[in-house]
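Q: Below is one structure. I have some questions about it.
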Amino acid sequence: MNWRTRVTDLLNIEYPIIQGGLAYLAYSELAAAVSNAGGLGQITAMSLKSPELLRDEIRKVRKLTNKPFGVNFAIGQNNRPFADFLQIAIEEGVPVISMTGGNPAPIFEQLKGTLAKKLVLVAARRQAIKAEELGADAVMVVGQEGGGHLGRDDIGTMVLIPQVVDSVSIPVIASGGIGDGRGLMAGLSLGAEGIEMGTRFIATKECVHANEVYKKALVIGNEADTVVIKRSLGAPARAISNSWTEKILEIEKRQGGYEQLKDFISGAANQRYIYEGVFDEGFAWAGQVMGLIKDVPSVSELFARMIMEAEQIRAKWAK
């Protein structure tokens, strides 16, 4: 079956499947596994403590794969300056740069004169239009089902993807609630030319930085076991529901501001759960797609299953 789309052509990949940035989790092992399986793996830049550590991760990926990969910049993460990190990616000739959580214009400016492809994660039609105007090569569009940071408008993937497809000329990549071959085909049927998955890739063997407690929670949980936190800060984000997120929601309910919330929503609290497995003293991002996650396969096994499911659907449609 021919999986060629404008996204596969743009990124020089076999299948139109992209791994999300995944703060504190997307490093060389996972990125290389996704790229080797035929998709686009990514390293998360701003979770690393220094630009030189990013250089190390990039070089580790290149030892593990000769396929294209990307570096994701969560440019709103901790409000850290990203220019030095981006310069490392430029020096290392990273073929794809993706951006989430902020204005991509400064990154586009710094990338001028390079061959890097520019992907921007958006959660609203207006953001997609602006990204295209600024020079994005493609937009990754996340519906409110997704994990981590979302848009403020609570628009689901089924509605948001066609809206964006009708509003921009660049390729659209669907994200939010996608975790199997059915989701891949749904995204394509909505007019997207690829998909991005985050939560589903956490529950894989090669996501070695995720604690087994986290992975188990994704497997045994269902679509109702997530909550959206940080709405009061104007930065809604979906996480696994637990006693810690209940505390966050309670602070928000009584209109506690950032100062009251900061220790509960910090990177340290996130890492306590995802790295150490201390689930009642921290939080972990996850989308509603956790209701579809039933196991922890290798990335190659996951790809094989997804492509088989998608091809069965296409064969069924052909009849």
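Each chain in the structure tokens gets a letter, A, B, ..., in the order shown, and its residues are numbered from 1; ligands are numbered from 1 in order too.
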Would you list the contacts of A:Ala235 as a list of chain:residue names, taking every protein, DNA or RNA residue within 12 Å and counting only C-alpha atoms, but skipping same-chain residues closer than 6 positions in sequence?

A: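 Within the cut-off, the hits are A:Gly76, A:Gln77, A:Gly101, A:Gly102, A:Ala123, A:Gly148, A:His149, A:Leu150, A:Gly151, A:Arg152, A:Asp153, A:Asp154, A:Val228, A:Ile229, A:Tyr258, A:Ile265.
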
Q: Output N, CA and C atoms for every residue in the selection just made, as an mmCIF file, in the first residue's frame.

A:
```cif
data_model
loop_
_atom_site.group_PDB
_atom_site.id
_atom_site.type_symbol
_atom_site.label_atom_id
_atom_site.label_comp_id
_atom_site.auth_asym_id
_atom_site.auth_seq_id
_atom_site.Cartn_x
_atom_site.Cartn_y
_atom_site.Cartn_z
ATOM 1 N N GLY A 76 7.476 27.637 25.265
ATOM 2 C CA GLY A 76 6.912 28.247 26.453
ATOM 3 C C GLY A 76 7.344 27.552 27.729
ATOM 4 N N GLN A 77 8.099 26.447 27.604
ATOM 5 C CA GLN A 77 8.444 25.639 28.772
ATOM 6 C C GLN A 77 9.390 26.377 29.712
ATOM 7 N N GLY A 101 3.762 25.704 21.826
ATOM 8 C CA GLY A 101 3.572 26.517 23.019
ATOM 9 C C GLY A 101 4.065 27.941 22.993
ATOM 10 N N GLY A 102 4.069 28.597 21.853
ATOM 11 C CA GLY A 102 4.498 29.988 21.840
ATOM 12 C C GLY A 102 4.587 30.524 20.424
ATOM 13 N N ALA A 123 -3.566 24.704 17.995
ATOM 14 C CA ALA A 123 -4.799 24.158 18.569
ATOM 15 C C ALA A 123 -6.020 24.971 18.152
ATOM 16 N N GLY A 148 -1.246 16.764 27.521
ATOM 17 C CA GLY A 148 -0.382 17.927 27.640
ATOM 18 C C GLY A 148 -1.142 19.205 27.306
ATOM 19 N N HIS A 149 -0.419 20.218 26.842
ATOM 20 C CA HIS A 149 -1.030 21.529 26.632
ATOM 21 C C HIS A 149 -1.912 21.559 25.388
ATOM 22 N N LEU A 150 -3.070 22.155 25.542
ATOM 23 C CA LEU A 150 -4.108 22.176 24.521
ATOM 24 C C LEU A 150 -4.507 23.614 24.210
ATOM 25 N N GLY A 151 -5.450 23.752 23.294
ATOM 26 C CA GLY A 151 -6.000 25.072 23.010
ATOM 27 C C GLY A 151 -7.032 25.472 24.045
ATOM 28 N N ARG A 152 -7.391 26.718 24.011
ATOM 29 C CA ARG A 152 -8.349 27.251 24.983
ATOM 30 C C ARG A 152 -9.800 27.089 24.534
ATOM 31 N N ASP A 153 -10.012 26.637 23.297
ATOM 32 C CA ASP A 153 -11.353 26.649 22.729
ATOM 33 C C ASP A 153 -12.105 25.328 22.871
ATOM 34 N N ASP A 154 -11.448 24.280 23.379
ATOM 35 C CA ASP A 154 -12.102 22.987 23.594
ATOM 36 C C ASP A 154 -12.741 22.430 22.322
ATOM 37 N N VAL A 228 -8.374 18.212 32.864
ATOM 38 C CA VAL A 228 -7.684 19.380 32.304
ATOM 39 C C VAL A 228 -7.360 20.338 33.443
ATOM 40 N N ILE A 229 -6.079 20.583 33.628
ATOM 41 C CA ILE A 229 -5.608 21.495 34.666
ATOM 42 C C ILE A 229 -5.087 22.784 34.023
ATOM 43 N N TYR A 258 -0.948 31.833 40.263
ATOM 44 C CA TYR A 258 0.251 31.076 39.911
ATOM 45 C C TYR A 258 1.108 30.762 41.131
ATOM 46 N N ILE A 265 2.426 22.417 39.740
ATOM 47 C CA ILE A 265 2.480 22.245 38.286
ATOM 48 C C ILE A 265 3.903 22.318 37.743
#
```

Q: Run DSSP on the backbone and grab whatever in stretch 135-217 of chain A lands in strand (DSSP E); send it over as a count of residues only.

A: 14

Q: Considering only C-alpha atoms, return as a VMD selection string whatever protein or nucleic-acid residues lie within 12 Å of A:Phe283, sequence-local ones (same chain, fewer than 5 positions apart) excluded.

A: chain A and resid 148 213 to 214 217 226 to 229 237 to 248 263 to 278

Q: If you count only C-alpha atoms, which residues fall within 9 Å of A:Val120, apart from same-chain ones fewer than 2 positions away, as a list in words?

A: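 Counting only the stated atoms, we get Ile97, Ser98, Met99, Thr100, Pro104, Lys118, Val122, Ala128, Ala131, Ala136, Asp137, Ala138, Val139, Met140 and Val141 of chain A.
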
Q: Run DSSP on the backbone and grab whatever in stretch 50-297 of chain A lands in alpha helix (DSSP H); send it over as a count of residues only.

A: 94

Q: Stretch 204-318 of chain A near stretch 159-183 of chain A within 7 Å: what's each residue's closest atom pair and its distance in Å to one decimal, counting only C-alpha atoms, ordered by chain then ascending residue number, as a tab-separated table?

A:
```
residue	atom	partner	partner_atom	distance
A:Gly287	CA	A:Gly177	CA	6.6
A:Gln288	CA	A:Gly177	CA	6.0
A:Val289	CA	A:Gly177	CA	4.7
A:Leu292	CA	A:Gly179	CA	6.9
A:Met306	CA	A:Gly181	CA	4.0
A:Ile307	CA	A:Gly181	CA	6.0
A:Glu309	CA	A:Gly181	CA	4.9
A:Ala310	CA	A:Gly181	CA	4.6
```

Q: So that I have them on file, write out the residues from the current selection with C-alpha atoms, as a PDB file, in the first residue's frame.

A:
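As a result, again-v6.pdb now contains:
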```
ATOM      1  CA  GLY A 287      -4.637  12.266  26.414  1.00  0.00           C
ATOM      2  CA  GLN A 288      -8.015  10.578  26.284  1.00  0.00           C
ATOM      3  CA  VAL A 289      -6.439   8.049  23.925  1.00  0.00           C
ATOM      4  CA  LEU A 292      -7.371   2.750  23.667  1.00  0.00           C
ATOM      5  CA  MET A 306      -1.170   0.290  12.947  1.00  0.00           C
ATOM      6  CA  ILE A 307      -0.278  -0.189   9.309  1.00  0.00           C
ATOM      7  CA  GLU A 309      -5.170  -2.063  10.769  1.00  0.00           C
ATOM      8  CA  ALA A 310      -5.091   0.849   8.343  1.00  0.00           C
TER       9      ALA A 310
END
```

Q: Expressed in Å to a single decimal, how great is the separation between atom CA of A:Arg126 and atom CA of A:Val142?

A: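 Interatomic distance, atom CA of A:Arg126 to atom CA of A:Val142: 13.1 Å.
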
Q: As an NGL selection string, please: the residues near A:Ala105 (cut-off 10 Å, only C-alpha atoms, same-chain neighbours under 2 positions excluded).

A: :A and (102-103 or 107-111 or 130-131 or 134-136)

Q: Could you check the closest approach to A:Phe82 for each of A:Leu64, A:Ala116, A:Ala45, A:Ala284 and tell me which residue wins, using only C-alpha atoms?

A: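 Of A:Leu64, A:Ala116, A:Ala45, A:Ala284, the one nearest A:Phe82, counting only C-alpha atoms, is A:Ala45.
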
Q: Applying 10 Å and only C-alpha atoms, which residues near A:Cys207 remain after dropping the ones on its own chain fewer than 2 positions away? List them as a ChimeraX atom specification.

A: /A:25-31,33,201-205,209-211,215,296,298-299

Q: Measuring atom to atom with only C-alpha atoms, identify which of A:Leu184, A:Thr157, A:Met46, A:Ala318 is nearest to A:Arg305.

A: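 Among the listed residues, A:Leu184 lies closest to A:Arg305.
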
Q: Between A:Phe69, A:Tyr24, A:Trp3, A:Trp285, which has the minimum distance to A:Leu188 (counting only C-alpha atoms)?

A: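 Selected residue with least distance to A:Leu188: A:Trp3.
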
Q: Using only C-alpha atoms, find the one residue out of A:Ile17, A:Leu233, A:Ile88, A:Leu119 that sits nearest to A:Met197.

A: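 Closest to A:Met197, using only C-alpha atoms: A:Ile17.
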
Q: Go ahead and compute the interatomic distance for atom CA of A:Ala32 and atom CA of A:Gly191, in Å to one decimal.

A: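 Between these atoms lies a distance of 27.9 Å.
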